[in-house]
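Trainee: Provided below: final_26.tsv, containing TSV, C-alpha atoms.
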chain	number	residue	atom	x	y	z
A	177	MET	CA	0.00	0.00	0.00
A	178	ALA	CA	1.38	3.41	-0.98
A	179	ARG	CA	1.98	5.92	1.75
A	180	ASP	CA	0.01	9.12	1.69
A	181	LYS	CA	2.00	12.24	0.94
A	182	ASN	CA	2.86	14.35	3.94
A	183	PRO	CA	0.26	17.18	3.95
A	184	MET	CA	2.82	19.80	4.98
A	185	LEU	CA	5.20	18.70	2.22
A	186	ALA	CA	2.36	18.78	-0.32
A	187	LYS	CA	1.45	22.30	0.81
A	188	LEU	CA	5.08	23.47	0.50
A	189	GLU	CA	5.42	21.91	-2.95
A	190	ALA	CA	2.22	23.60	-4.12
A	191	LYS	CA	3.44	26.96	-2.79
A	192	HIS	CA	6.79	26.49	-4.54
A	193	GLN	CA	5.03	25.65	-7.82
A	194	ARG	CA	2.84	28.78	-7.55
A	195	GLU	CA	5.95	30.90	-6.96
A	196	LEU	CA	7.75	29.35	-9.95
A	197	ASN	CA	4.74	30.00	-12.17
A	198	PHE	CA	4.54	33.60	-10.95
A	199	PHE	CA	8.22	34.26	-11.66
A	200	ARG	CA	8.02	32.64	-15.10
A	201	THR	CA	4.99	34.71	-16.03
A	202	PHE	CA	6.56	37.86	-14.58
A	203	THR	CA	9.82	37.32	-16.49
A	204	ILE	CA	8.06	36.69	-19.80
A	205	GLN	CA	5.92	39.80	-19.35
A	206	GLN	CA	8.95	41.87	-18.39
A	207	CYS	CA	10.74	40.70	-21.57
A	208	MET	CA	7.66	41.70	-23.59
A	209	ASP	CA	7.54	45.13	-21.95
A	210	MET	CA	11.24	45.79	-22.63
A	211	ALA	CA	10.96	44.55	-26.23
A	212	MET	CA	8.00	46.84	-26.87
A	213	ILE	CA	9.81	49.82	-25.40
A	214	ALA	CA	12.94	49.06	-27.47
A	215	LEU	CA	10.90	48.62	-30.65
A	216	ASN	CA	9.18	51.95	-30.03
A	217	ASP	CA	12.23	53.94	-28.93
A	218	LYS	CA	14.75	52.58	-31.43
A	219	PHE	CA	12.65	51.56	-34.42
A	220	GLY	CA	9.56	53.74	-34.22
A	221	PHE	CA	6.99	50.99	-33.76
A	222	GLY	CA	3.64	52.52	-32.85
A	223	ALA	CA	0.69	51.04	-31.00
A	224	GLU	CA	-0.68	49.09	-33.99
A	225	ARG	CA	2.63	47.40	-34.86
A	226	LEU	CA	3.37	46.74	-31.19
A	227	ASP	CA	-0.02	45.08	-30.81
A	228	GLN	CA	0.77	42.89	-33.82
A	229	PHE	CA	4.23	42.14	-32.42
A	230	GLU	CA	2.79	41.14	-29.05
A	231	THR	CA	0.36	38.71	-30.65
A	232	ALA	CA	3.06	37.23	-32.87
A	233	PHE	CA	5.50	36.95	-29.96
A	234	TYR	CA	3.08	34.97	-27.82
A	235	ASP	CA	2.12	32.73	-30.76
A	236	VAL	CA	5.78	31.93	-31.48
A	237	PHE	CA	6.55	31.59	-27.78
A	238	ARG	CA	3.75	29.04	-27.27
A	239	GLU	CA	4.82	27.10	-30.35
A	240	TYR	CA	8.45	26.80	-29.28
A	241	ALA	CA	7.61	26.26	-25.60
A	242	THR	CA	5.30	23.38	-26.50
A	243	SER	CA	7.94	21.91	-28.80
A	244	THR	CA	10.59	22.23	-26.10
A	245	ILE	CA	8.41	20.49	-23.51
A	246	GLU	CA	7.75	17.63	-25.94
A	247	ASP	CA	11.44	17.38	-26.82
A	248	ALA	CA	12.46	17.30	-23.16
A	249	LYS	CA	10.25	14.26	-22.55
A	250	THR	CA	12.68	12.08	-24.51
A	251	ASP	CA	15.88	14.16	-24.58
A	252	LYS	CA	17.09	16.00	-21.50
A	253	ASP	CA	19.55	17.96	-23.67
A	254	ILE	CA	16.72	19.18	-25.95
A	255	GLU	CA	18.89	18.77	-29.05
A	256	TYR	CA	15.91	19.05	-31.41
A	257	THR	CA	14.88	22.36	-29.83
A	258	LYS	CA	18.41	23.74	-29.97
A	259	GLY	CA	18.78	22.76	-33.61
A	260	SER	CA	15.39	24.14	-34.61
A	261	LEU	CA	16.01	27.49	-32.97
A	262	ASP	CA	19.55	27.78	-34.29
A	263	ARG	CA	18.48	26.95	-37.87
A	264	LYS	CA	15.70	29.55	-37.76
A	265	LEU	CA	17.88	32.22	-36.18
A	266	GLN	CA	20.75	31.52	-38.58
A	267	GLN	CA	18.33	31.95	-41.49
A	268	ILE	CA	17.16	35.28	-40.02
A	269	MET	CA	20.44	36.66	-38.70
A	270	GLY	CA	22.91	35.53	-41.36
A	271	LYS	CA	26.43	36.68	-40.44
A	272	HIS	CA	25.11	38.09	-37.12
A	273	PHE	CA	23.94	34.65	-35.94
A	274	VAL	CA	25.11	33.57	-32.47
A	275	PRO	CA	24.90	29.81	-31.66
A	276	TRP	CA	22.85	28.40	-28.78
A	277	GLU	CA	25.91	27.63	-26.67
A	278	VAL	CA	26.95	31.29	-26.78
A	279	ARG	CA	23.45	32.74	-26.38
A	280	TYR	CA	22.68	30.54	-23.36
A	281	GLY	CA	26.20	30.20	-22.01
Go ahead and render the structure in this file as structure tokens.
Mentor:
Amino acid sequence: MARDKNPMLAKLEAKHQRELNFFRTFTIQQCMDMAMIALNDKFGFGAERLDQFETAFYDVFREYATSTIEDAKTDKDIEYTKGSLDRKLQQIMGKHFVPWEVRYG
């Protein structure tokens, strides 16, 4: 017979998970805010283009996040994810491309 999980431990784990989710969400939103400010200040993006950018960003983010989660189920080194991102960024950035290992240290 399996032992029941310690209620205090379960409560602490749930609290930790809520905190992790908060910090992830906060960090993603902060990145969005800074990107929108940079796009406005440096490249003249107005409200309409920023709204389009925000929608596109979250669409791409969800797509790659989902792919990464699936990849991690069978490969802890997420080689497929790394390769996919690097290929796409190399196509976009050309001679300015920076490999995964450099971008993520």
Trainee: Would you mind telling me which residue in A:Lys218, A:Asp262, A:Arg194, A:Thr242 lies nearest to Val278 of chain A when using all atoms listed in the file?
Mentor: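 Ranked by minimum distance to Val278 of chain A, first place goes to A:Asp262.
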Trainee: With distances taken over only C-alpha atoms, which residue among A:Gly259, A:Leu196, A:Leu188, A:Leu226 lies nearest Ala214 of chain A?
Mentor: A:Leu226
Trainee: Please provide as a list in words all residues within 9 Å of segment 273-276 of chain A, with the sequence filter that same-chain residues fewer than 6 positions apart are discarded (counting only C-alpha atoms).
Mentor: Lys258, Gly259, Leu261, Asp262, Leu265, Gln266 and Gln267 of chain A
Trainee: Between A:Glu277, A:Cys207, A:Asn182, A:His192, which has the minimum distance to Phe237 of chain A (counting all atoms listed in the file)?
Mentor: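 For Phe237 of chain A, the nearest of the candidates is A:Cys207.
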Trainee: Which residue out of A:Ser243, A:Ser260, A:Thr250, A:Thr231 has the minimum interatomic distance to Met208 of chain A when only C-alpha atoms are used?
Mentor: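 Answer, going by the shortest atom-to-atom distance: A:Thr231.
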Trainee: Which residue out of A:Arg279, A:Arg179, A:Lys264, A:Arg200 has the minimum interatomic distance to Tyr240 of chain A when only C-alpha atoms are used?
Mentor: A:Lys264
Trainee: Report, in Å to a single decimal, how far apart atom CA of Phe233 of chain A and atom CA of Ala211 of chain A are.
Mentor: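 Calculated distance between atom CA of Ala211 of chain A and atom CA of Phe233 of chain A is 10.1 Å.
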Trainee: Please provide the set of residues having any atom within 12 Å of Phe229 of chain A, restricted to all atoms listed in the file, with same-chain residues fewer than 2 positions apart removed, written as a PyMOL selection string.
Mentor: chain A and resi 208-209+211-213+215-216+221-227+231-237
Trainee: What does the distance between atom CA of Ala248 of chain A and atom CA of Met210 of chain A come to in Å, to one decimal place?
Mentor: 28.5 Å
Trainee: Please, could N, CA and C atoms be added to segment 194-214 of chain A and the result written as a PDB file, in the frame of the given file?
Mentor:
ATOM      1  N   ARG A 194       3.502  27.495  -7.293  1.00  0.00           N
ATOM      2  CA  ARG A 194       2.840  28.780  -7.550  1.00  0.00           C
ATOM      3  C   ARG A 194       3.875  29.898  -7.715  1.00  0.00           C
ATOM      4  N   GLU A 195       4.905  29.880  -6.871  1.00  0.00           N
ATOM      5  CA  GLU A 195       5.950  30.900  -6.960  1.00  0.00           C
ATOM      6  C   GLU A 195       6.718  30.784  -8.278  1.00  0.00           C
ATOM      7  N   LEU A 196       7.064  29.553  -8.671  1.00  0.00           N
ATOM      8  CA  LEU A 196       7.750  29.350  -9.950  1.00  0.00           C
ATOM      9  C   LEU A 196       6.910  29.870 -11.111  1.00  0.00           C
ATOM     10  N   ASN A 197       5.630  29.538 -11.100  1.00  0.00           N
ATOM     11  CA  ASN A 197       4.740  30.000 -12.170  1.00  0.00           C
ATOM     12  C   ASN A 197       4.655  31.519 -12.196  1.00  0.00           C
ATOM     13  N   PHE A 198       4.577  32.142 -11.023  1.00  0.00           N
ATOM     14  CA  PHE A 198       4.540  33.600 -10.950  1.00  0.00           C
ATOM     15  C   PHE A 198       5.794  34.199 -11.564  1.00  0.00           C
ATOM     16  N   PHE A 199       6.967  33.696 -11.167  1.00  0.00           N
ATOM     17  CA  PHE A 199       8.220  34.260 -11.660  1.00  0.00           C
ATOM     18  C   PHE A 199       8.400  34.027 -13.159  1.00  0.00           C
ATOM     19  N   ARG A 200       7.960  32.887 -13.661  1.00  0.00           N
ATOM     20  CA  ARG A 200       8.020  32.640 -15.100  1.00  0.00           C
ATOM     21  C   ARG A 200       7.154  33.642 -15.847  1.00  0.00           C
ATOM     22  N   THR A 201       5.924  33.783 -15.398  1.00  0.00           N
ATOM     23  CA  THR A 201       4.990  34.710 -16.030  1.00  0.00           C
ATOM     24  C   THR A 201       5.504  36.145 -15.947  1.00  0.00           C
ATOM     25  N   PHE A 202       6.007  36.520 -14.779  1.00  0.00           N
ATOM     26  CA  PHE A 202       6.560  37.860 -14.580  1.00  0.00           C
ATOM     27  C   PHE A 202       7.714  38.115 -15.535  1.00  0.00           C
ATOM     28  N   THR A 203       8.637  37.158 -15.645  1.00  0.00           N
ATOM     29  CA  THR A 203       9.820  37.320 -16.490  1.00  0.00           C
ATOM     30  C   THR A 203       9.432  37.442 -17.960  1.00  0.00           C
ATOM     31  N   ILE A 204       8.506  36.620 -18.412  1.00  0.00           N
ATOM     32  CA  ILE A 204       8.060  36.690 -19.800  1.00  0.00           C
ATOM     33  C   ILE A 204       7.411  38.046 -20.074  1.00  0.00           C
ATOM     34  N   GLN A 205       6.567  38.505 -19.153  1.00  0.00           N
ATOM     35  CA  GLN A 205       5.920  39.800 -19.350  1.00  0.00           C
ATOM     36  C   GLN A 205       6.932  40.936 -19.327  1.00  0.00           C
ATOM     37  N   GLN A 206       7.915  40.840 -18.448  1.00  0.00           N
ATOM     38  CA  GLN A 206       8.950  41.870 -18.390  1.00  0.00           C
ATOM     39  C   GLN A 206       9.742  41.912 -19.707  1.00  0.00           C
ATOM     40  N   CYS A 207      10.055  40.747 -20.272  1.00  0.00           N
ATOM     41  CA  CYS A 207      10.740  40.700 -21.570  1.00  0.00           C
ATOM     42  C   CYS A 207       9.871  41.365 -22.647  1.00  0.00           C
ATOM     43  N   MET A 208       8.579  41.083 -22.622  1.00  0.00           N
ATOM     44  CA  MET A 208       7.660  41.700 -23.590  1.00  0.00           C
ATOM     45  C   MET A 208       7.662  43.212 -23.425  1.00  0.00           C
ATOM     46  N   ASP A 209       7.556  43.684 -22.204  1.00  0.00           N
ATOM     47  CA  ASP A 209       7.540  45.130 -21.950  1.00  0.00           C
ATOM     48  C   ASP A 209       8.810  45.796 -22.482  1.00  0.00           C
ATOM     49  N   MET A 210       9.970  45.202 -22.185  1.00  0.00           N
ATOM     50  CA  MET A 210      11.240  45.790 -22.630  1.00  0.00           C
ATOM     51  C   MET A 210      11.367  45.743 -24.146  1.00  0.00           C
ATOM     52  N   ALA A 211      10.918  44.654 -24.764  1.00  0.00           N
ATOM     53  CA  ALA A 211      10.960  44.550 -26.230  1.00  0.00           C
ATOM     54  C   ALA A 211      10.079  45.615 -26.862  1.00  0.00           C
ATOM     55  N   MET A 212       8.903  45.827 -26.315  1.00  0.00           N
ATOM     56  CA  MET A 212       8.000  46.840 -26.870  1.00  0.00           C
ATOM     57  C   MET A 212       8.580  48.247 -26.723  1.00  0.00           C
ATOM     58  N   ILE A 213       9.188  48.514 -25.599  1.00  0.00           N
ATOM     59  CA  ILE A 213       9.810  49.820 -25.400  1.00  0.00           C
ATOM     60  C   ILE A 213      10.968  50.007 -26.388  1.00  0.00           C
ATOM     61  N   ALA A 214      11.813  48.979 -26.540  1.00  0.00           N
ATOM     62  CA  ALA A 214      12.940  49.060 -27.470  1.00  0.00           C
ATOM     63  C   ALA A 214      12.440  49.245 -28.909  1.00  0.00           C
TER      64      ALA A 214
END
